[in-house]
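Data first, discussion second: the structure below is written as structure tokens.
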2 protein chains.
Amino acid sequence: MEQINKFIEENKDRFIDELFGLLRIPSVSSKTEHKQDMQKATEYLKKSLLDAGADSVEIIPTGGHPVVYGEKIIDPSKPVVMVYGHYDVQPAEPFELWHSQPFEPEIREGKIWARGADDDKGQLFMHVKAFEFMVKSGTLPCNVKFMLEGEEEIGSPSLGKFCRENAEKLKSDVILVSDTSMIGRDVPSITTGLRGLSYLEVEVTGPNRDLHSGLYGGAVANPVNVLTKMIASLTDENNRITIPGFYDDVIEVSREEREEMAKAPFDEEQYKKEIDVVELSGESGYSAMERTGIRPSLDVNGIWGGYTGEGAKTILPSKAHAKISMRLVPNQQSAKIDELFVQHFKSLAPPSVKVSVRVLHGGEGYVSPVDHPAYRAASKAYEATFGKKPVPFRSGGSIPIISLFEKELDAKSILMGFGLESDAIHSPNENYPLWNFFKGIETIPLFYKYYSEGD
Amino acid sequence: MEQINKFIEENKDRFIDELFGLLRIPSVSSKTEHKQDMQKATEYLKKSLLDAGADSVEIIPTGGHPVVYGEKIIDPSKPVVMVYGHYDVQPAEPFELWHSQPFEPEIREGKIWARGADDDKGQLFMHVKAFEFMVKSGTLPCNVKFMLEGEEEIGSPSLGKFCRENAEKLKSDVILVSDTSMIGRDVPSITTGLRGLSYLEVEVTGPNRDLHSGLYGGAVANPVNVLTKMIASLTDENNRITIPGFYDDVIEVSREEREEMAKAPFDEEQYKKEIDVVELSGESGYSAMERTGIRPSLDVNGIWGGYTGEGAKTILPSKAHAKISMRLVPNQQSAKIDELFVQHFKSLAPPSVKVSVRVLHGGEGYVSPVDHPAYRAASKAYEATFGKKPVPFRSGGSIPIISLFEKELDAKSILMGFGLESDAIHSPNENYPLWNFFKGIETIPLFYKYYSEGD
């Protein structure tokens with residue numbers, strides 16, 4: 001630990017410079033206009049991995065954005081740790097809410113401010129630098145593979161096929177992922193559960209053009225009014241989702257386990273204060289932590305229709321749209337939920353409108369075993385650098401690839417996240433504290449050490 | 001009639017050129033960026049009126065956009081007809097749906113295509129040209145005043161004060177307005193009823209920033225989900241508005257009158273076909289014509305919130321917005337409805353969100369008397385040029401100024417509209433058939449003749 005801390009101290013400015021170079025590339029996977037930026041990001045990472053000490057690095061094309069694959073095999077008889085990360089980022093809109101440019105990283109208040117500062121460029125870069133340390137210091141105790149993809153934020157549509165086609169190359173004993181948050185800087189935690197996702201886009205069409213709301217209003221169905229009724233009916237007064245069959249595959253978590261989970265520190269007042277709401281809201285009968293950790297949810301991610309400019313325009317719009325996503329819990333199948341949603345949503349439409357539904361992306365939930373040797377190694381590593389044992393924690397987020405890895409590569413994933421909820425990932429002013437960035441670089445080599453030593 | 005038709009025939013190209021000059025000015029009253037265009041439009045109209053034969057024309061400033069006032073007093077002992085029109089237009093968005101540029105008028109298929117081609121530049125210009133004919137041919141039988149405003153599309157906020165401050169100048173026996181449609185080219189009609197309007201904008205705020213829908217979804221109220229529930233609840237399963245007290249001042253139209261109205265020709269199949277809907281929808285117990293003519297309605301004119309770009313962004317949005325308007329029937333008061341709406345809408349908000357409501361504009365409904373000498377003169381004029389007696393017709397639209405005129409100027413208005421429903425006013429591809437434009441110029445002088453002759 002002394003050695004790594006010295007290394008960090010001597011190289012910290014370079015580490016930040018190198019990360020900034022990556023953050024400046026607007027690798028937004030959901031927008032076709034950023035196709036070239038995706039390529040730039042892969043080349044940047046290829047160079048980073050080679051500089052850090054990888055034997056070889058490839059940029060492997062997929063049906064979508066390419067995967068950066070690198071490896072260092074020190075001894076084929078030793079275990080293989082595969083690091084997974086993603087170089088793509090969420091769109092940065094709304095730009096006007098950012099205090100500095102999303103793709104011009106800045107340090108203020110001890111934090112790096114940029115889209116991707118945490119999710120996931122900052123977190124994946126900790127692994128590159130920890131790897132560099134182990135290579136340069138001769139302390140790398142096992143084989144390492146890197147698989148860095150560019151489609152995580154759009155549901156990793158190409159990675160299943162990629163894993164199947166490259167199963168031999170990707171063979172590993174455990175997959176290490178830093179793409180999650182800890183409960184707090186003082187409460188280190190390791191994510192042991194993730195939710196699945198079904199993300200759809202709906203379109204309701206009324207008349208074939210925007211109509212004058214005076215001449216037609218009252219006689220012709222307004223697709224926005226209709227859409228609000230359809231969406232409103234998707235959840236009931238207890239905030240339960242009303243889609244028939246939706247809860248069929250949900251495994252109810254036992255009272256004992258819920259009691260165990262309730263011991264994790266959670267300061268509801270602080271939580272509400274940080275997001276400035278007076279009251280939380282969610283499914284009746286569950287705590288806030290349970291509502292995100294072990295229960296599914298349904299959110300409108302975006303809605304639009306009609307006139308949204310300045311002033312008043314008296315139209316009865318032709319169309320209304322919404323992006324609607326559901327977070328799923330382990331054992332719910334995304335494809336099945338998509339189907340139930342499409343069927344139910346269409347059934348809600350009155351004959352006065354036309355409805356179309358498009359599945360945008362999805363993925364399955366995951367539960368990680370706390371008795372796995374790699375989990376124990378990660379736990380010991382955190383304990384050594386944070387001074388306290390990390391809490392196992394079920395996150396509400398989704399990393400669809402994690403359940404895919406289990407299925408396609410037959411390997412468990414350990415979610416060693418170093419982010420914080422205040423990092424505002426997916427929001428304007430995403431940030432990543434320097435403290436966490438360096439703490440990650442400090443902690444990761446210990447994982448390799450403990451994992452290679454075995455219990 | 002022969003004389004006017006000869007005049008039209010000899011001058012039609014010039015009339016169109018002159019109207020095109022006015023249509024080229026993007027006088028969108030709701031957008032501050034068009035302030036200079038508003039000024040340009042007033043100067044254009046001033047010149048048009050002077051060229052047509054007005055004694056004097058003034059551009060009179062108001063708190064908002066100016067009013068163009070012109071007059072020709074031939075004999076103070078004769079009656080005064082005041083022509084009201086508006087030179088402002090609705091925004092042209094969405095631009096991409098126009099087949100030609102909204103502010104580059106074109107003639108195709110015998111129609112003028114441009115924003116304002118009908119509403120109201122095309123219709124007001126008929127009056128300028130009819131006036132020119134009467135002056136040049138020496139047939140103007142009475143005094144004429146023109147009041148052309150620039151704020152009709154935003155609810156005429158300055159015109160009440162303007163009328164009060166200029167009451168002496170504006171004194172007239174009847175007000176003539178062409179800002180409405182006929183049932184059809186073969187079914188001439190005169191609008192005898194207008195609906196009032198309450199137009200509001202609502203904002204629902206959840207968390208202080210867009211949140212990650214995985215980490216927070218299910219535990220924090222989503223303002224879009226909440227807004228859909230609030231809007232959905234504003235109408236019940238019979239499409240009746242649920243705001244307490246909303247219907248208190250609605251005068252139920254008698255069975256006899258409804259039977260009389262039902263005689264007006266209305267081809268439901270054609271109506272549905274034109275707007276491409278399979279089924280109409282509206283308040284139970286009323287016909288389509290009644291739903292727009294004698295019943296109030298509630299429409300979302302626009303809605304927006306969260307991510308609306310390409311692809312999937314997994315956020316729980318911070319804010320959701322909607323523009324909501326209600327069409328009111330005579331005897332409902334816009335200010336009272338605004339108040340009821342604000343009070344009710346706020347009461348719908350759960351404590352997990354904050355709600356604000358802003359009144360954008362409004363106006364009162366109007367019923368025009370069919371036994372007024374001016375109505376009879378208008379009716380005779382249509383009969384002479386269309387070959388059939390026009391049908392009195394209650395429109396669903398709103399011209400808030402009409403009820404204001406009655407209150408402030410103590411004058412009745414006659415709504416001699418020559419538009420058609422297919423003119424797509426307020427929509428992309430607004431148009432005005434040349435046939436209607438010239439038929440208006442032909443009909444208007446007859447109104448002056450019959451009105452001056454008396455019964």
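Chain labels run A, B, ... following the order of the structure tokens; each chain numbers its residues from 1, and ligands are numbered from 1 in the order shown.
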
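The neighbours of stretch 88-99 of chain A here are the residues that come within 6 Å of it, using only C-alpha atoms and leaving out any residue fewer than 3 positions away in the same chain; they are Ser27, Val28, Ser29, Gly116, Gly150, His426, Pro428 and Asn429 of chain A.
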
- Message: I'd like the neighbourhood of B:Gly70 as number ranges by chain, where a residue qualifies if any of its atoms comes within 10 Å (using only C-alpha atoms), though same-chain residues fewer than 4 positions away should be ignored.
- Response: B: 45-46, 49-50, 53-59, 82-83, 144-148

- Item | Members of stretch 160-300 of chain A assigned helix (DSSP H, G or I) by DSSP, as a PyMOL selection string | chain A and resi 160-165+167-170+213-216+223-232+255-261+268-275+288-293

- Message: Show me, as a VMD selection string, every residue of chain A with an atom at most 6 Å from chain B, counting only C-alpha atoms.
- Response: chain A and resid 30 207 to 208 210 212 214 to 215 217 to 221 228 to 229 232 275 to 282 288 291 to 292 297 301 to 308 311 315 to 316 352 396 to 397 426 to 427

Within 8 Å of B:Lys389, counting only C-alpha atoms, which residues qualify if same-chain residues fewer than 3 places away don't, as a PDB file with C-alpha atoms, in the first residue's frame?
```pdb
ATOM      1  CA  PRO B 188     -71.996  29.331 -46.783  1.00  0.00           C
ATOM      2  CA  SER B 379     -76.937  37.156 -44.842  1.00  0.00           C
ATOM      3  CA  LYS B 380     -78.341  38.894 -47.923  1.00  0.00           C
ATOM      4  CA  TYR B 382     -73.870  35.914 -49.022  1.00  0.00           C
ATOM      5  CA  GLU B 383     -77.146  34.897 -50.582  1.00  0.00           C
ATOM      6  CA  PHE B 386     -73.191  32.293 -53.152  1.00  0.00           C
TER       7      PHE B 386
END
```

Could you go through stretch 270-409 of chain B and tell me which residues DSSP, when run on the backbone, assigns to strand (DSSP E or B), listing them as a tab-separated table (two decimals) with C-alpha atoms, in the first residue's frame?
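Done, and the output landed in result_11.tsv:
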```tsv
chain	number	residue	atom	x	y	z
B	297	SER	CA	-63.53	21.32	-23.86
B	298	LEU	CA	-60.09	20.75	-22.36
B	299	ASP	CA	-57.02	20.09	-24.48
B	300	VAL	CA	-53.35	19.66	-23.78
B	301	ASN	CA	-51.77	21.88	-26.43
B	302	GLY	CA	-48.27	20.76	-25.62
B	303	ILE	CA	-46.39	18.58	-23.16
B	304	TRP	CA	-42.70	18.11	-22.50
B	305	GLY	CA	-40.33	16.76	-19.90
B	306	GLY	CA	-37.22	14.60	-19.57
B	315	ILE	CA	-33.33	9.41	-16.33
B	316	LEU	CA	-35.96	10.26	-13.82
B	319	LYS	CA	-39.38	18.68	-14.38
B	320	ALA	CA	-42.45	18.17	-16.53
B	321	HIS	CA	-44.48	20.85	-18.30
B	322	ALA	CA	-47.74	21.18	-20.16
B	323	LYS	CA	-49.74	23.84	-21.89
B	324	ILE	CA	-53.40	23.20	-21.17
B	325	SER	CA	-56.33	25.17	-22.53
B	326	MET	CA	-60.04	25.07	-22.07
B	327	ARG	CA	-62.59	26.32	-24.56
B	328	LEU	CA	-65.47	27.97	-22.76
B	354	LYS	CA	-43.99	21.04	-6.43
B	355	VAL	CA	-46.47	22.54	-8.87
B	356	SER	CA	-46.73	25.97	-10.43
B	357	VAL	CA	-49.41	27.21	-12.80
B	358	ARG	CA	-49.25	30.29	-14.98
B	359	VAL	CA	-52.20	31.84	-16.82
B	360	LEU	CA	-51.08	32.57	-20.38
B	361	HIS	CA	-54.18	34.12	-21.87
B	362	GLY	CA	-57.91	33.94	-22.12
B	363	GLY	CA	-61.11	35.50	-23.38
B	366	TYR	CA	-69.86	35.30	-27.66
B	367	VAL	CA	-73.27	34.79	-29.18
B	391	VAL	CA	-76.51	28.99	-42.24
B	392	PRO	CA	-76.05	30.52	-38.77
B	393	PHE	CA	-73.32	28.45	-37.13
B	394	ARG	CA	-71.73	28.19	-33.69
```

- Message: So that I can check the surroundings of stretch 400-415 of chain A, please list as a PyMOL selection string every protein, DNA and RNA residue that reaches within 8 Å of it, counting only C-alpha atoms and ignoring chain neighbours fewer than 3 positions away.
- Response: chain A and resi 152+155-156+159-160+163-164+167+170-180+190-192+196-197+362-366+368+374-375+378

- Quick one: everything within 12 Å of B:Asn11, counting only C-alpha atoms, minus sequence neighbours fewer than 3 positions away in the same chain. Send it as a ChimeraX atom specification. /B:4-8,14-18,129-130,132-133,438,441
